[in-house]
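One file, protein-v6.cif, is given below (mmCIF, C-alpha atoms and all ligand atoms).
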```cif
data_query
loop_
_atom_site.group_PDB
_atom_site.id
_atom_site.type_symbol
_atom_site.label_atom_id
_atom_site.label_comp_id
_atom_site.auth_asym_id
_atom_site.auth_seq_id
_atom_site.Cartn_x
_atom_site.Cartn_y
_atom_site.Cartn_z
ATOM 1 C CA MET A 14 15.953 -7.612 -20.119
ATOM 2 C CA LEU A 15 13.611 -4.691 -19.427
ATOM 3 C CA GLN A 16 9.964 -5.720 -19.217
ATOM 4 C CA THR A 17 8.408 -2.706 -17.593
ATOM 5 C CA PHE A 18 6.026 -1.744 -20.408
ATOM 6 C CA SER A 19 3.046 -3.733 -19.131
ATOM 7 C CA MET A 20 3.661 -3.468 -15.421
ATOM 8 C CA MET A 21 0.800 -2.891 -13.008
ATOM 9 C CA LEU A 22 1.361 -1.696 -9.477
ATOM 10 C CA VAL A 23 -1.188 -2.857 -6.907
ATOM 11 C CA LYS A 24 -1.594 -1.768 -3.312
ATOM 12 C CA LEU A 25 -3.735 -3.951 -1.098
ATOM 13 C CA GLY A 26 -4.691 -1.511 1.628
ATOM 14 C CA GLY A 27 -4.449 -2.587 5.226
ATOM 15 C CA SER A 28 -8.145 -1.775 5.647
ATOM 16 C CA VAL A 29 -9.002 -4.336 2.952
ATOM 17 C CA ILE A 30 -6.939 -7.349 3.953
ATOM 18 C CA THR A 31 -7.282 -6.767 7.702
ATOM 19 C CA ASP A 32 -9.945 -5.526 10.083
ATOM 20 C CA LYS A 33 -8.231 -2.264 10.922
ATOM 21 C CA MET A 34 -9.997 -1.826 14.254
ATOM 22 C CA ALA A 35 -9.068 -5.238 15.745
ATOM 23 C CA TYR A 36 -5.395 -6.054 16.442
ATOM 24 C CA ARG A 37 -3.919 -8.723 14.095
ATOM 25 C CA THR A 38 -7.173 -9.640 12.377
ATOM 26 C CA LEU A 39 -6.792 -10.977 8.839
ATOM 27 C CA ARG A 40 -9.626 -10.939 6.326
ATOM 28 C CA ASP A 41 -8.478 -14.210 4.835
ATOM 29 C CA GLU A 42 -11.403 -14.748 2.494
ATOM 30 C CA VAL A 43 -10.927 -11.276 0.967
ATOM 31 C CA LEU A 44 -7.206 -11.898 0.622
ATOM 32 C CA ARG A 45 -7.790 -15.255 -1.080
ATOM 33 C CA ARG A 46 -10.171 -13.677 -3.596
ATOM 34 C CA LEU A 47 -7.858 -10.724 -4.351
ATOM 35 C CA ALA A 48 -4.984 -13.126 -4.968
ATOM 36 C CA GLU A 49 -7.194 -15.017 -7.410
ATOM 37 C CA GLU A 50 -8.182 -11.812 -9.187
ATOM 38 C CA ILE A 51 -4.500 -10.962 -9.617
ATOM 39 C CA SER A 52 -3.806 -14.455 -10.883
ATOM 40 C CA SER A 53 -6.693 -14.597 -13.363
ATOM 41 C CA SER A 54 -5.800 -11.204 -14.860
ATOM 42 C CA GLY A 55 -2.558 -12.685 -16.171
ATOM 43 C CA GLU A 56 -0.960 -9.252 -15.707
ATOM 44 C CA ARG A 57 2.588 -8.685 -14.581
ATOM 45 C CA VAL A 58 2.327 -6.962 -11.185
ATOM 46 C CA ILE A 59 4.243 -5.722 -8.216
ATOM 47 C CA VAL A 60 2.227 -5.946 -5.001
ATOM 48 C CA VAL A 61 2.498 -3.612 -2.026
ATOM 49 C CA HIS A 62 0.331 -4.183 0.996
ATOM 50 C CA GLY A 63 -0.513 -2.091 4.014
ATOM 51 C CA ALA A 64 -0.132 -3.159 7.603
ATOM 52 C CA GLY A 65 -3.664 -2.562 8.831
ATOM 53 C CA SER A 66 -4.227 -3.870 12.329
ATOM 54 C CA PHE A 67 -0.955 -5.829 12.130
ATOM 55 C CA GLY A 68 0.963 -2.529 12.199
ATOM 56 C CA HIS A 69 -0.896 0.598 13.146
ATOM 57 C CA VAL A 70 -2.170 -0.403 16.575
ATOM 58 C CA MET A 71 1.233 -1.344 18.047
ATOM 59 C CA ALA A 72 3.167 1.295 16.085
ATOM 60 C CA ALA A 73 0.975 4.004 17.603
ATOM 61 C CA GLN A 74 1.159 2.462 21.069
ATOM 62 C CA HIS A 75 4.974 2.516 21.018
ATOM 63 C CA ARG A 76 5.156 5.852 19.138
ATOM 64 C CA LEU A 77 7.399 4.342 16.499
ATOM 65 C CA GLN A 78 6.604 6.917 13.812
ATOM 66 C CA ASN A 79 8.804 9.564 15.418
ATOM 67 C CA GLY A 80 11.829 7.281 15.663
ATOM 68 C CA PHE A 81 13.967 5.973 18.461
ATOM 69 C CA ARG A 82 13.458 7.668 21.846
ATOM 70 C CA ASP A 83 14.250 4.969 24.392
ATOM 71 C CA ASN A 84 14.999 1.271 24.722
ATOM 72 C CA ALA A 85 11.458 0.540 25.841
ATOM 73 C CA GLN A 86 10.388 0.992 22.207
ATOM 74 C CA LEU A 87 12.627 -1.762 20.872
ATOM 75 C CA LEU A 88 10.379 -4.646 21.820
ATOM 76 C CA GLY A 89 7.503 -2.704 20.320
ATOM 77 C CA ALA A 90 9.443 -2.226 17.061
ATOM 78 C CA ALA A 91 10.295 -5.927 17.023
ATOM 79 C CA GLN A 92 6.659 -6.791 17.675
ATOM 80 C CA VAL A 93 5.465 -4.663 14.758
ATOM 81 C CA MET A 94 8.088 -6.196 12.444
ATOM 82 C CA GLU A 95 6.999 -9.653 13.569
ATOM 83 C CA ASP A 96 3.314 -8.846 13.086
ATOM 84 C CA VAL A 97 3.653 -7.332 9.600
ATOM 85 C CA ARG A 98 5.739 -10.340 8.572
ATOM 86 C CA ALA A 99 2.917 -12.603 9.710
ATOM 87 C CA LEU A 100 0.559 -10.613 7.495
ATOM 88 C CA ASN A 101 3.033 -10.670 4.626
ATOM 89 C CA LEU A 102 3.372 -14.431 4.927
ATOM 90 C CA ALA A 103 -0.402 -14.709 4.575
ATOM 91 C CA VAL A 104 -0.239 -12.539 1.419
ATOM 92 C CA ILE A 105 2.529 -14.471 -0.323
ATOM 93 C CA THR A 106 0.894 -17.764 0.660
ATOM 94 C CA ALA A 107 -2.434 -16.620 -0.827
ATOM 95 C CA LEU A 108 -0.661 -15.577 -4.034
ATOM 96 C CA ARG A 109 1.153 -18.897 -4.360
ATOM 97 C CA LYS A 110 -2.051 -20.853 -3.754
ATOM 98 C CA ALA A 111 -3.692 -18.774 -6.503
ATOM 99 C CA GLY A 112 -0.820 -19.725 -8.819
ATOM 100 C CA VAL A 113 1.240 -16.532 -8.575
ATOM 101 C CA PRO A 114 4.884 -17.036 -7.610
ATOM 102 C CA SER A 115 5.906 -14.198 -5.306
ATOM 103 C CA VAL A 116 8.729 -13.157 -3.029
ATOM 104 C CA SER A 117 8.717 -11.105 0.141
ATOM 105 C CA LEU A 118 10.922 -7.983 0.120
ATOM 106 C CA PRO A 119 10.635 -6.445 3.610
ATOM 107 C CA PRO A 120 11.515 -2.738 3.883
ATOM 108 C CA SER A 121 13.408 -3.471 7.098
ATOM 109 C CA ALA A 122 15.945 -5.220 4.850
ATOM 110 C CA VAL A 123 15.733 -3.425 1.479
ATOM 111 C CA ALA A 124 14.792 0.158 2.384
ATOM 112 C CA ARG A 125 16.192 3.070 4.343
ATOM 113 C CA LEU A 126 14.515 6.206 5.645
ATOM 114 C CA SER A 127 15.881 9.637 6.400
ATOM 115 C CA GLU A 128 13.704 11.718 8.735
ATOM 116 C CA GLY A 129 10.742 9.591 7.770
ATOM 117 C CA GLU A 130 11.281 9.958 4.016
ATOM 118 C CA LEU A 131 12.154 6.911 1.947
ATOM 119 C CA SER A 132 15.775 7.597 1.019
ATOM 120 C CA MET A 133 16.787 4.202 -0.386
ATOM 121 C CA LEU A 134 14.976 1.201 -1.817
ATOM 122 C CA ASP A 135 17.016 -1.576 -3.405
ATOM 123 C CA LEU A 136 15.123 -1.468 -6.689
ATOM 124 C CA SER A 137 17.607 -3.750 -8.428
ATOM 125 C CA VAL A 138 16.271 -6.636 -6.321
ATOM 126 C CA PHE A 139 12.707 -5.833 -7.406
ATOM 127 C CA ARG A 140 13.789 -5.646 -11.037
ATOM 128 C CA ARG A 141 15.634 -8.946 -10.949
ATOM 129 C CA TYR A 142 12.611 -10.778 -9.533
ATOM 130 C CA VAL A 143 10.291 -9.102 -12.029
ATOM 131 C CA ASP A 144 12.572 -10.199 -14.865
ATOM 132 C CA LEU A 145 12.495 -13.754 -13.498
ATOM 133 C CA GLY A 146 8.693 -13.745 -13.451
ATOM 134 C CA ILE A 147 8.427 -13.706 -9.671
ATOM 135 C CA VAL A 148 6.139 -11.039 -8.199
ATOM 136 C CA PRO A 149 7.866 -8.840 -5.619
ATOM 137 C CA VAL A 150 5.681 -8.206 -2.562
ATOM 138 C CA THR A 151 6.634 -5.437 -0.189
ATOM 139 C CA PHE A 152 4.694 -3.820 2.633
ATOM 140 C CA GLY A 153 4.334 -1.168 5.316
ATOM 141 C CA ASP A 154 7.021 -1.957 7.883
ATOM 142 C CA VAL A 155 9.460 -0.596 10.419
ATOM 143 C CA ALA A 156 12.654 0.441 8.623
ATOM 144 C CA LEU A 157 16.013 1.937 9.542
ATOM 145 C CA ASP A 158 16.092 5.721 9.581
ATOM 146 C CA ASP A 159 19.523 7.324 9.144
ATOM 147 C CA ARG A 160 18.565 10.274 11.347
ATOM 148 C CA ARG A 161 16.040 8.801 13.773
ATOM 149 C CA GLY A 162 17.253 5.229 14.256
ATOM 150 C CA PHE A 163 14.099 3.683 12.892
ATOM 151 C CA GLY A 164 10.781 4.809 11.498
ATOM 152 C CA ILE A 165 7.673 3.656 9.715
ATOM 153 C CA CYS A 166 7.907 2.992 6.014
ATOM 154 C CA SER A 167 4.393 3.100 4.578
ATOM 155 C CA GLY A 168 3.064 1.172 1.632
ATOM 156 C CA ASP A 169 2.357 4.472 -0.115
ATOM 157 C CA GLN A 170 5.991 5.576 0.116
ATOM 158 C CA LEU A 171 6.961 2.252 -1.456
ATOM 159 C CA MET A 172 4.309 2.670 -4.165
ATOM 160 C CA GLU A 173 5.757 6.042 -5.123
ATOM 161 C CA SER A 174 9.294 4.763 -5.427
ATOM 162 C CA LEU A 175 8.171 1.708 -7.416
ATOM 163 C CA ALA A 176 6.022 3.859 -9.731
ATOM 164 C CA LYS A 177 9.010 6.063 -10.465
ATOM 165 C CA GLU A 178 11.199 3.060 -11.273
ATOM 166 C CA PHE A 179 8.765 0.916 -13.259
ATOM 167 C CA SER A 180 6.401 3.503 -14.879
ATOM 168 C CA PRO A 181 3.416 1.171 -14.447
ATOM 169 C CA ARG A 182 0.552 1.348 -16.928
ATOM 170 C CA ARG A 183 -1.908 1.514 -14.070
ATOM 171 C CA ILE A 184 -1.482 2.115 -10.344
ATOM 172 C CA ILE A 185 -4.291 0.488 -8.397
ATOM 173 C CA PHE A 186 -5.111 1.221 -4.782
ATOM 174 C CA CYS A 187 -7.536 -1.254 -3.201
ATOM 175 C CA THR A 188 -9.333 0.324 -0.242
ATOM 176 C CA ASP A 189 -12.428 -0.542 1.807
ATOM 177 C CA VAL A 190 -14.648 2.051 0.108
ATOM 178 C CA ASP A 191 -15.735 2.510 -3.519
ATOM 179 C CA GLY A 192 -13.357 5.389 -4.203
ATOM 180 C CA VAL A 193 -12.546 8.830 -2.849
ATOM 181 C CA PHE A 194 -15.459 10.678 -1.264
ATOM 182 C CA ASP A 195 -15.962 14.336 -0.413
ATOM 183 C CA SER A 196 -16.419 13.241 3.234
ATOM 184 C CA ASP A 197 -16.048 9.941 5.121
ATOM 185 C CA PRO A 198 -18.711 7.550 3.690
ATOM 186 C CA ASN A 199 -18.518 5.401 6.825
ATOM 187 C CA ILE A 200 -19.740 8.376 8.873
ATOM 188 C CA GLU A 201 -21.647 10.667 6.473
ATOM 189 C CA SER A 202 -24.543 8.979 4.689
ATOM 190 C CA GLY A 203 -24.632 11.758 2.083
ATOM 191 C CA ALA A 204 -20.956 11.474 1.112
ATOM 192 C CA ILE A 205 -20.465 11.857 -2.634
ATOM 193 C CA MET A 206 -17.910 9.794 -4.519
ATOM 194 C CA LEU A 207 -15.572 11.736 -6.751
ATOM 195 C CA GLN A 208 -15.040 10.274 -10.237
ATOM 196 C CA ASN A 209 -11.824 12.198 -10.736
ATOM 197 C CA VAL A 210 -9.412 13.795 -8.317
ATOM 198 C CA ASP A 211 -6.845 16.338 -9.373
ATOM 199 C CA ARG A 212 -4.979 19.041 -7.472
ATOM 200 C CA GLY A 213 -8.033 21.340 -7.343
ATOM 201 C CA THR A 214 -10.469 18.716 -6.003
ATOM 202 C CA LEU A 215 -7.963 17.626 -3.366
ATOM 203 C CA ASP A 216 -7.511 21.170 -2.071
ATOM 204 C CA ARG A 217 -11.283 21.577 -1.691
ATOM 205 C CA LEU A 218 -11.893 18.370 0.338
ATOM 206 C CA PRO A 219 -12.859 18.783 4.009
ATOM 207 C CA ARG A 220 -10.306 17.322 6.449
ATOM 208 C CA THR A 221 -11.414 14.551 8.806
ATOM 209 C CA GLN A 222 -9.727 11.545 10.336
ATOM 210 C CA ARG A 223 -11.425 8.450 11.648
ATOM 211 C CA CYS A 224 -9.035 5.982 13.277
ATOM 212 C CA ALA A 225 -5.455 5.633 14.509
ATOM 213 C CA ASP A 226 -3.205 5.707 11.475
ATOM 214 C CA VAL A 227 0.464 6.431 11.960
ATOM 215 C CA THR A 228 1.143 7.092 8.271
ATOM 216 C CA GLY A 229 -1.396 9.831 7.614
ATOM 217 C CA SER A 230 -4.924 10.232 6.365
ATOM 218 C CA ILE A 231 -6.437 9.809 2.928
ATOM 219 C CA PHE A 232 -5.135 13.297 2.087
ATOM 220 C CA ALA A 233 -1.523 12.275 2.453
ATOM 221 C CA LYS A 234 -2.334 9.231 0.345
ATOM 222 C CA LEU A 235 -3.968 11.378 -2.345
ATOM 223 C CA GLU A 236 -0.977 13.720 -2.396
ATOM 224 C CA THR A 237 1.251 10.719 -2.988
ATOM 225 C CA MET A 238 -1.050 9.427 -5.738
ATOM 226 C CA LEU A 239 -1.048 12.798 -7.483
ATOM 227 C CA ARG A 240 2.749 12.775 -7.552
ATOM 228 C CA MET A 241 2.738 9.196 -8.816
ATOM 229 C CA THR A 242 0.643 10.036 -11.866
ATOM 230 C CA SER A 243 3.521 12.212 -13.061
ATOM 231 C CA PHE A 244 5.472 9.006 -13.763
ATOM 232 C CA GLY A 245 3.195 7.994 -16.610
ATOM 233 C CA GLY A 246 0.314 5.741 -15.666
ATOM 234 C CA GLU A 247 -3.038 6.634 -14.180
ATOM 235 C CA ALA A 248 -3.897 5.892 -10.571
ATOM 236 C CA VAL A 249 -7.239 4.434 -9.528
ATOM 237 C CA VAL A 250 -8.769 3.961 -6.104
ATOM 238 C CA ILE A 251 -11.187 1.033 -5.991
ATOM 239 C CA ASN A 252 -13.057 -1.043 -3.443
ATOM 240 C CA GLY A 253 -11.121 -4.247 -2.843
ATOM 241 C CA LEU A 254 -13.980 -5.660 -0.766
ATOM 242 C CA LYS A 255 -16.218 -5.852 -3.880
ATOM 243 C CA PRO A 256 -15.559 -9.002 -5.907
ATOM 244 C CA GLY A 257 -14.318 -8.420 -9.447
ATOM 245 C CA ARG A 258 -13.232 -4.808 -9.152
ATOM 246 C CA LEU A 259 -9.511 -5.509 -8.874
ATOM 247 C CA ALA A 260 -9.774 -7.971 -11.776
ATOM 248 C CA ALA A 261 -11.544 -5.328 -13.893
ATOM 249 C CA ALA A 262 -9.034 -2.631 -12.978
ATOM 250 C CA LEU A 263 -6.161 -4.958 -13.879
ATOM 251 C CA LYS A 264 -7.736 -5.662 -17.265
ATOM 252 C CA GLY A 265 -7.981 -1.913 -17.866
ATOM 253 C CA GLU A 266 -11.787 -2.038 -17.905
ATOM 254 C CA GLU A 267 -13.984 0.776 -16.679
ATOM 255 C CA VAL A 268 -14.602 0.122 -13.008
ATOM 256 C CA VAL A 269 -16.404 1.846 -10.141
ATOM 257 C CA GLY A 270 -13.751 3.951 -8.461
ATOM 258 C CA THR A 271 -11.908 7.257 -8.496
ATOM 259 C CA LYS A 272 -9.282 8.142 -11.054
ATOM 260 C CA VAL A 273 -6.450 10.290 -9.805
ATOM 261 C CA THR A 274 -4.951 12.371 -12.546
ATOM 262 C CA GLY A 275 -2.132 14.871 -12.595
ATOM 263 C CA ALA A 276 -2.655 18.622 -12.732
HETATM 264 C C1 LIG A 301 1.849 1.145 7.757
HETATM 265 O O1 LIG A 301 1.746 0.925 6.384
HETATM 266 C C2 LIG A 301 3.070 0.447 8.322
HETATM 267 C C3 LIG A 301 3.067 0.246 9.799
HETATM 268 C C4 LIG A 301 2.231 0.795 10.631
HETATM 269 C C5 LIG A 301 4.115 -0.603 10.329
HETATM 270 P P1 LIG A 301 0.541 1.512 5.516
HETATM 271 O O2 LIG A 301 0.291 2.940 5.901
HETATM 272 O O3 LIG A 301 0.886 1.274 4.101
HETATM 273 O O4 LIG A 301 -0.684 0.600 5.949
HETATM 274 P P2 LIG A 301 -2.255 0.791 5.720
HETATM 275 O O5 LIG A 301 -2.591 0.444 4.310
HETATM 276 O O6 LIG A 301 -2.601 2.234 6.033
HETATM 277 O O7 LIG A 301 -2.844 -0.172 6.693
#
```
What does the file become when written as structure tokens?
Ligand code: IPE
Amino acid sequence: MLQTFSMMLVKLGGSVITDKMAYRTLRDEVLRRLAEEISSSGERVIVVHGAGSFGHVMAAQHRLQNGFRDNAQLLGAAQVMEDVRALNLAVITALRKAGVPSVSLPPSAVARLSEGELSMLDLSVFRRYVDLGIVPVTFGDVALDDRRGFGICSGDQLMESLAKEFSPRRIIFCTDVDGVFDSDPNIESGAIMLQNVDRGTLDRLPRTQRCADVTGSIFAKLETMLRMTSFGGEAVVINGLKPGRLAAALKGEEVVGTKVTGA
């Protein structure tokens, strides 16, 4: 019962559904609207969401990204897992209220890392829910690491593994800016948005970083996206804060954003 031909893979970035600068702050109105845009598209999707301020603040404070060092980190790890679950509950609730049946698949239970790399994701569980017509929702989380005890599993690592398995028609990243810029648009007023990013454009971008982010900057994310395009579909980066853009991207319409294409 393979139904992967029309799959769309959507990441709701942590900077879209949360206020990334303020610990545990949900943007519930944005989340409600995005859930409705997913619902009204009628598309078959898998949803991945970031952790935003439900994950990064505490994960950095307890230095979780480098793995287990001492017992003092354990309450921090538990706190992050608790916080990202609270966010995830808000996401699956918003989807259900919008009429989309979904199920939570936490990486702490279905994924394994090895030295920070995603080494196992129980994709059969994702596939079974997809076949049933229930949308799998996974997210940036703390996960077991075979070498380091635990680590941080990012939404982008999950996106890559899911893209490889499901060959989605389109891979959509919802961020808090219109697309990928040649410099940070929240700092530089003259930042220019790139219509297309490929290997060459990525190598020429200046490197800056704005806020605490334990899973890497936009460059790491772009590297991941470039690899993902090799699995078939195109990747687009759009602004999830602008009403209608996710709906348009899901319908395959031309939308303001950046297309990431392979070399
Ligand atoms: C981060 O996940 C996970 C934790 C910090 C626990 P992501 O890297 O996918 O989150 P965002 O989208 O950047 O917020």
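Ranking A:Met133, A:Leu259, A:Ala107, A:Val23 by their shortest atom-to-atom distance to Gly168 (chain A), with only C-alpha atoms included, puts A:Val23 first.
Between Leu218 (chain A) and the residues A:Ala64, A:Val104, A:Ala176, A:Ile231, the shortest atom-to-atom distance, using all atoms listed in the file, involves A:Ile231.
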| field | Which residue of A:Leu47, A:Met21, A:Leu136, A:Ile30 approaches ligand LIG 301 (chain A) most closely, using all atoms listed in the file | value | A:Ile30
| message | Can you pull out every residue with an atom within 10 Å of ligand LIG 301 (chain A)? Use all atoms listed in the file and format it as a PyMOL selection string. | response | chain A and resi 24-33+61-73+77-78+90+92-94+96-97+151-156+164-172+186-188+225-231+234
| said: I need every residue sitting at most 12 Å from the point (13.0, 1.6, -9.5) (coordinates as in the file, all atoms listed in the file considered), written as a PyMOL selection string. | reply: chain A and resi 15+17+59+133-141+143+171-181+244
| field | Exercise: region 268-273 of chain A partners within 9 Å, only C-alpha atoms, chain neighbours under 2 positions left out, as number ranges by chain | value | A: 190-194, 206-211, 235, 238-239, 242, 247-252, 258-259, 261-262, 265-266, 275
| request: Choose the residue, out of A:Glu201, A:Glu130, A:Glu267, A:Glu95, that has the smallest atom-to-atom separation from Asp159 (chain A); count all atoms listed in the file. | output: A:Glu130
Step by step, gather every atom of region 28-37 of chain A that the file lists, find the box along x, y and z that holds them, add 5 Å on each side, and finally give centre and edge lengths in Å to one decimal, as AutoDock Vina command-line options.
```
--center_x -7.0 --center_y -5.2 --center_z 9.7 --size_x 16.1 --size_y 16.9 --size_z 23.5
```
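The spacing separating CA of Ser53 (chain A) from CA of Leu39 (chain A) amounts to 22.5 Å.
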| said: What's around Glu56 (chain A) at 10 Å? Count all atoms listed in the file, leave out sequence neighbours fewer than 2 positions away in its own chain, and write the answer as a count of residues only. | reply: 12
Given the PyMOL selection byres (((chain A and resi 106) around 12) and not hetatm), the residues it picks as an mmCIF file with C-alpha atoms, keeping the file's coordinate frame:
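So the final result, stored in part06.cif, reads:
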```
data_model
loop_
_atom_site.group_PDB
_atom_site.id
_atom_site.type_symbol
_atom_site.label_atom_id
_atom_site.label_comp_id
_atom_site.auth_asym_id
_atom_site.auth_seq_id
_atom_site.Cartn_x
_atom_site.Cartn_y
_atom_site.Cartn_z
ATOM 1 C CA ASP A 41 -8.478 -14.210 4.835
ATOM 2 C CA LEU A 44 -7.206 -11.898 0.622
ATOM 3 C CA ARG A 45 -7.790 -15.255 -1.080
ATOM 4 C CA ALA A 48 -4.984 -13.126 -4.968
ATOM 5 C CA GLU A 49 -7.194 -15.017 -7.410
ATOM 6 C CA ARG A 98 5.739 -10.340 8.572
ATOM 7 C CA ALA A 99 2.917 -12.603 9.710
ATOM 8 C CA LEU A 100 0.559 -10.613 7.495
ATOM 9 C CA ASN A 101 3.033 -10.670 4.626
ATOM 10 C CA LEU A 102 3.372 -14.431 4.927
ATOM 11 C CA ALA A 103 -0.402 -14.709 4.575
ATOM 12 C CA VAL A 104 -0.239 -12.539 1.419
ATOM 13 C CA ILE A 105 2.529 -14.471 -0.323
ATOM 14 C CA ALA A 107 -2.434 -16.620 -0.827
ATOM 15 C CA LEU A 108 -0.661 -15.577 -4.034
ATOM 16 C CA ARG A 109 1.153 -18.897 -4.360
ATOM 17 C CA LYS A 110 -2.051 -20.853 -3.754
ATOM 18 C CA ALA A 111 -3.692 -18.774 -6.503
ATOM 19 C CA GLY A 112 -0.820 -19.725 -8.819
ATOM 20 C CA VAL A 113 1.240 -16.532 -8.575
ATOM 21 C CA PRO A 114 4.884 -17.036 -7.610
ATOM 22 C CA SER A 115 5.906 -14.198 -5.306
ATOM 23 C CA VAL A 116 8.729 -13.157 -3.029
ATOM 24 C CA SER A 117 8.717 -11.105 0.141
ATOM 25 C CA VAL A 150 5.681 -8.206 -2.562
#
```
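You will find CA of Arg46 (chain A) at 14.7 Å from CA of Val60 (chain A).
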